[in-house]
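Enquirer: I'd like to ask you about the structure that follows.
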Amino acid sequence: MKKLILSLAVVAIALTSCKGEKKVETKEEVKVEEKVTNPINSYNVNVSESTITWKGDKKIGDAHNGTINIEKGLFDVENGTVKAGEFVINMNTITNSDLEAGKGKEKLEGHLKAADFFDVEKFPTAKFVVASSEIKDGKLHITGNLTIKDVTKSITVPASLSENGNDISLKSDKFMVDRTDFGVKYGSGKFFDNLKDRAINDLIEFSFDLKARK
């Protein structure tokens, strides 16, 4: 029995460590040195083939996941890196994927859009503006300014870039952002006492998969 408990503890620690490794640090907004200056020669995101995925959970309880649509995006590529770019996210399109219609799906989507969460009526879009990128240990790392609810912080996201003629794919690894850094405090144990098992994890997991063409 003791061996079983020890094994479970080791697994839990390993899972916690993996989860922590996905967290990206939010820092103060950084200066954007390069901007897209010639849209004709830049890559335009195909919004119908591109998506952002999200996943969130309670401290104790079920996790939920879904998607958010890209409204528009434009970026420049140079020597396998993203030189400049800007991506606008339509926060009104937050969708849940794991619940069925009539069985909590609409309620969750409504709450995510409500004033105490992402407040999409007041802040209908979010934005990511590329500041720089580099290849490090064989992996592309993109640094840019993420704006949610009119709060802007810089983050660095690991990603992969593949080119095929005039087509390009820009896909991130899964990464976690602390929502409270952007003013999304609902259900956070850092700001509200006595939530117990009703507390919601401050970290939200995101990933993006962008298809674009010159």
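Please note that chains go A, B, ... in the order of the structure tokens, that every chain numbers its residues from 1, and that ligands are numbered from 1 in the order shown.
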Identify, on the basis of only C-alpha atoms, every residue whose closest approach to segment 182-196 of chain A does not exceed 9 Å; exclude the query and any residue fewer than 6 positions from it along the same chain; express the result as a list in words.

Expert: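 Close residues of segment 182-196 of chain A: Lys58, Lys59, Ile60, Asp116, Phe117, Phe118, Thr147, Ile148, Lys149, Asp150, Val151, Thr152, Lys153 and Asp202 of chain A.
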
Enquirer: With only C-alpha atoms as the counted atoms, please give the residues lying no more than 12 Å from Asn41 of chain A, apart from itself and same-chain residues fewer than 5 positions off, as number ranges by chain.

Expert: A: 36, 74-78, 166, 213-214

Enquirer: If we count only C-alpha atoms and set the cut-off at 7 Å, which residues sit around segment 87-102 of chain A, ignoring sequence neighbours fewer than 2 positions away in its own chain? Please answer as a ChimeraX atom specification.

Expert: /A:64-74,85,104-106,109,113,120,124-129

Enquirer: Mind writing the picked residues with N, CA, C and O atoms as a short mmCIF file (atom, residue, chain, number, x, y, z; two decimals), in the first residue's frame?

Expert:
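Listing of result-v3.cif after writing:
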data_model
loop_
_atom_site.label_atom_id
_atom_site.label_comp_id
_atom_site.auth_asym_id
_atom_site.auth_seq_id
_atom_site.Cartn_x
_atom_site.Cartn_y
_atom_site.Cartn_z
N HIS A 64 -12.41 21.97 -19.05
CA HIS A 64 -13.19 22.26 -20.25
C HIS A 64 -12.26 22.81 -21.32
O HIS A 64 -11.20 23.39 -21.02
N ASN A 65 -12.64 22.61 -22.56
CA ASN A 65 -11.80 23.08 -23.66
C ASN A 65 -12.67 23.60 -24.80
O ASN A 65 -13.88 23.34 -24.85
N GLY A 66 -12.03 24.34 -25.70
CA GLY A 66 -12.77 24.89 -26.83
C GLY A 66 -11.86 25.64 -27.78
O GLY A 66 -10.64 25.45 -27.77
N THR A 67 -12.46 26.50 -28.58
CA THR A 67 -11.71 27.25 -29.59
C THR A 67 -12.10 28.72 -29.59
O THR A 67 -13.13 29.11 -29.05
N ILE A 68 -11.23 29.51 -30.21
CA ILE A 68 -11.50 30.94 -30.45
C ILE A 68 -11.02 31.22 -31.86
O ILE A 68 -9.96 30.73 -32.28
N ASN A 69 -11.76 32.03 -32.60
CA ASN A 69 -11.40 32.32 -33.99
C ASN A 69 -10.44 33.50 -34.11
O ASN A 69 -10.50 34.47 -33.35
N ILE A 70 -9.57 33.39 -35.10
CA ILE A 70 -8.74 34.52 -35.50
C ILE A 70 -9.58 35.44 -36.39
O ILE A 70 -10.23 34.97 -37.32
N GLU A 71 -9.58 36.72 -36.11
CA GLU A 71 -10.33 37.68 -36.94
C GLU A 71 -9.52 38.09 -38.17
O GLU A 71 -10.04 38.19 -39.27
N LYS A 72 -8.23 38.32 -37.96
CA LYS A 72 -7.33 38.64 -39.06
C LYS A 72 -5.90 38.53 -38.58
O LYS A 72 -5.62 38.60 -37.37
N GLY A 73 -4.99 38.34 -39.51
CA GLY A 73 -3.58 38.22 -39.14
C GLY A 73 -2.69 38.46 -40.34
O GLY A 73 -3.05 38.14 -41.48
N LEU A 74 -1.54 39.03 -40.08
CA LEU A 74 -0.59 39.37 -41.14
C LEU A 74 0.81 39.30 -40.54
O LEU A 74 1.05 39.82 -39.46
N GLY A 85 4.59 41.00 -37.24
CA GLY A 85 3.24 40.47 -37.44
C GLY A 85 2.26 40.95 -36.38
O GLY A 85 2.65 41.45 -35.32
N GLY A 104 -25.11 22.41 -20.61
CA GLY A 104 -24.09 23.24 -19.99
C GLY A 104 -23.21 24.00 -20.96
O GLY A 104 -22.49 24.92 -20.56
N LYS A 105 -23.27 23.66 -22.24
CA LYS A 105 -22.43 24.32 -23.24
C LYS A 105 -22.72 25.82 -23.32
O LYS A 105 -21.80 26.64 -23.23
N GLU A 106 -23.98 26.17 -23.50
CA GLU A 106 -24.35 27.58 -23.65
C GLU A 106 -24.08 28.38 -22.37
O GLU A 106 -23.65 29.54 -22.43
N GLU A 109 -20.26 29.03 -22.18
CA GLU A 109 -19.85 30.02 -23.18
C GLU A 109 -20.32 31.41 -22.79
O GLU A 109 -19.58 32.40 -22.93
N LYS A 113 -17.94 34.83 -21.77
CA LYS A 113 -18.11 36.10 -22.47
C LYS A 113 -18.60 37.22 -21.54
O LYS A 113 -18.57 38.39 -21.93
N VAL A 120 -16.64 40.34 -23.28
CA VAL A 120 -16.48 40.53 -24.72
C VAL A 120 -17.30 41.70 -25.27
O VAL A 120 -16.99 42.22 -26.35
N PRO A 124 -14.21 43.27 -27.34
CA PRO A 124 -14.57 42.24 -28.33
C PRO A 124 -13.38 41.54 -28.98
O PRO A 124 -13.55 40.46 -29.57
N THR A 125 -12.20 42.13 -28.89
CA THR A 125 -11.03 41.50 -29.50
C THR A 125 -9.86 41.45 -28.53
O THR A 125 -9.76 42.25 -27.60
N ALA A 126 -8.99 40.49 -28.77
CA ALA A 126 -7.68 40.44 -28.12
C ALA A 126 -6.66 40.53 -29.25
O ALA A 126 -7.01 40.44 -30.43
N LYS A 127 -5.39 40.71 -28.89
CA LYS A 127 -4.40 40.95 -29.95
C LYS A 127 -3.02 40.45 -29.51
O LYS A 127 -2.66 40.53 -28.34
N PHE A 128 -2.28 39.93 -30.49
CA PHE A 128 -0.88 39.57 -30.25
C PHE A 128 -0.03 40.23 -31.33
O PHE A 128 -0.26 40.04 -32.52
N VAL A 129 0.93 41.05 -30.90
CA VAL A 129 1.81 41.77 -31.83
C VAL A 129 3.23 41.24 -31.65
O VAL A 129 3.79 41.27 -30.55
#

Enquirer: May I have all residues of segment 118-206 of chain A that DSSP, computed from the backbone, assigns to helix (DSSP H, G or I), given as number ranges by chain?

Expert: A: 179-182, 196-198

Enquirer: Filtering to N, CA and C atoms, could you give me those residues as a compact mmCIF listing (two decimals), in the first residue's frame?

Expert:
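selection_3.txt was written with the following content:
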# COMPACT_ATOMS: atom_id res chain seq x y z
N ARG A 179 -4.33 34.04 -16.30
CA ARG A 179 -5.42 34.95 -16.70
C ARG A 179 -5.51 36.16 -15.79
N THR A 180 -5.12 36.02 -14.53
CA THR A 180 -5.25 37.13 -13.59
C THR A 180 -4.28 38.27 -13.93
N ASP A 181 -3.23 37.96 -14.69
CA ASP A 181 -2.32 39.03 -15.14
C ASP A 181 -3.02 39.98 -16.11
N PHE A 182 -4.15 39.52 -16.66
CA PHE A 182 -4.90 40.33 -17.63
C PHE A 182 -6.25 40.77 -17.06
N LYS A 196 -12.54 27.30 -1.82
CA LYS A 196 -12.32 25.86 -1.65
C LYS A 196 -12.35 25.15 -3.01
N ASP A 197 -13.22 24.14 -3.16
CA ASP A 197 -13.22 23.37 -4.41
C ASP A 197 -13.91 24.10 -5.56
N ARG A 198 -14.41 25.30 -5.30
CA ARG A 198 -15.01 26.09 -6.38
C ARG A 198 -14.00 27.00 -7.07

Enquirer: Expressed in Å to a single decimal, how great is the separation between atom CA of Thr143 of chain A and atom CA of Val82 of chain A?

Expert: 9.6 Å

Enquirer: Taking only C-alpha atoms into account, which of A:Val24, A:Leu170, A:Val32, A:Ile40 comes nearest Val130 of chain A?

Expert: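 Selected residue with least distance to Val130 of chain A: A:Val32.
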
Enquirer: Can you measure atom CA of Lys139 of chain A to atom CA of Val47 of chain A for me? One decimal in Å is fine.

Expert: 24.8 Å

Enquirer: Which residues of segment 63-133 of chain A sit at most 9 Å from segment 154-163 of chain A, using only C-alpha atoms? Give each one's shortest atom pair and distance in Å (one decimal place), in chain and ascending residue order, as JSON lines.

Expert:
{"residue": "A:Gly80", "atom": "CA", "partner": "A:Leu161", "partner_atom": "CA", "distance": 7.0}
{"residue": "A:Thr81", "atom": "CA", "partner": "A:Leu161", "partner_atom": "CA", "distance": 7.7}
{"residue": "A:Val82", "atom": "CA", "partner": "A:Leu161", "partner_atom": "CA", "distance": 8.6}
{"residue": "A:Ala131", "atom": "CA", "partner": "A:Ser154", "partner_atom": "CA", "distance": 8.9}
{"residue": "A:Ser133", "atom": "CA", "partner": "A:Thr156", "partner_atom": "CA", "distance": 8.6}

Enquirer: Go ahead and save the picked residues with N, CA and C atoms, as an mmCIF file, in the first residue's frame.

Expert:
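Once written, result-v7.cif looks like this:
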data_model
loop_
_atom_site.group_PDB
_atom_site.id
_atom_site.type_symbol
_atom_site.label_atom_id
_atom_site.label_comp_id
_atom_site.auth_asym_id
_atom_site.auth_seq_id
_atom_site.Cartn_x
_atom_site.Cartn_y
_atom_site.Cartn_z
ATOM 1 N N GLY A 80 13.464 31.799 -41.607
ATOM 2 C CA GLY A 80 12.839 30.837 -40.703
ATOM 3 C C GLY A 80 12.315 31.403 -39.409
ATOM 4 N N THR A 81 12.318 32.729 -39.294
ATOM 5 C CA THR A 81 11.768 33.379 -38.099
ATOM 6 C C THR A 81 10.647 34.332 -38.497
ATOM 7 N N VAL A 82 9.830 34.701 -37.527
ATOM 8 C CA VAL A 82 8.761 35.676 -37.755
ATOM 9 C C VAL A 82 9.328 37.049 -37.438
ATOM 10 N N ALA A 131 7.091 41.072 -31.512
ATOM 11 C CA ALA A 131 8.195 42.011 -31.273
ATOM 12 C C ALA A 131 9.496 41.461 -31.821
ATOM 13 N N SER A 133 11.659 37.290 -32.793
ATOM 14 C CA SER A 133 11.671 35.836 -32.687
ATOM 15 C C SER A 133 13.078 35.333 -32.956
#
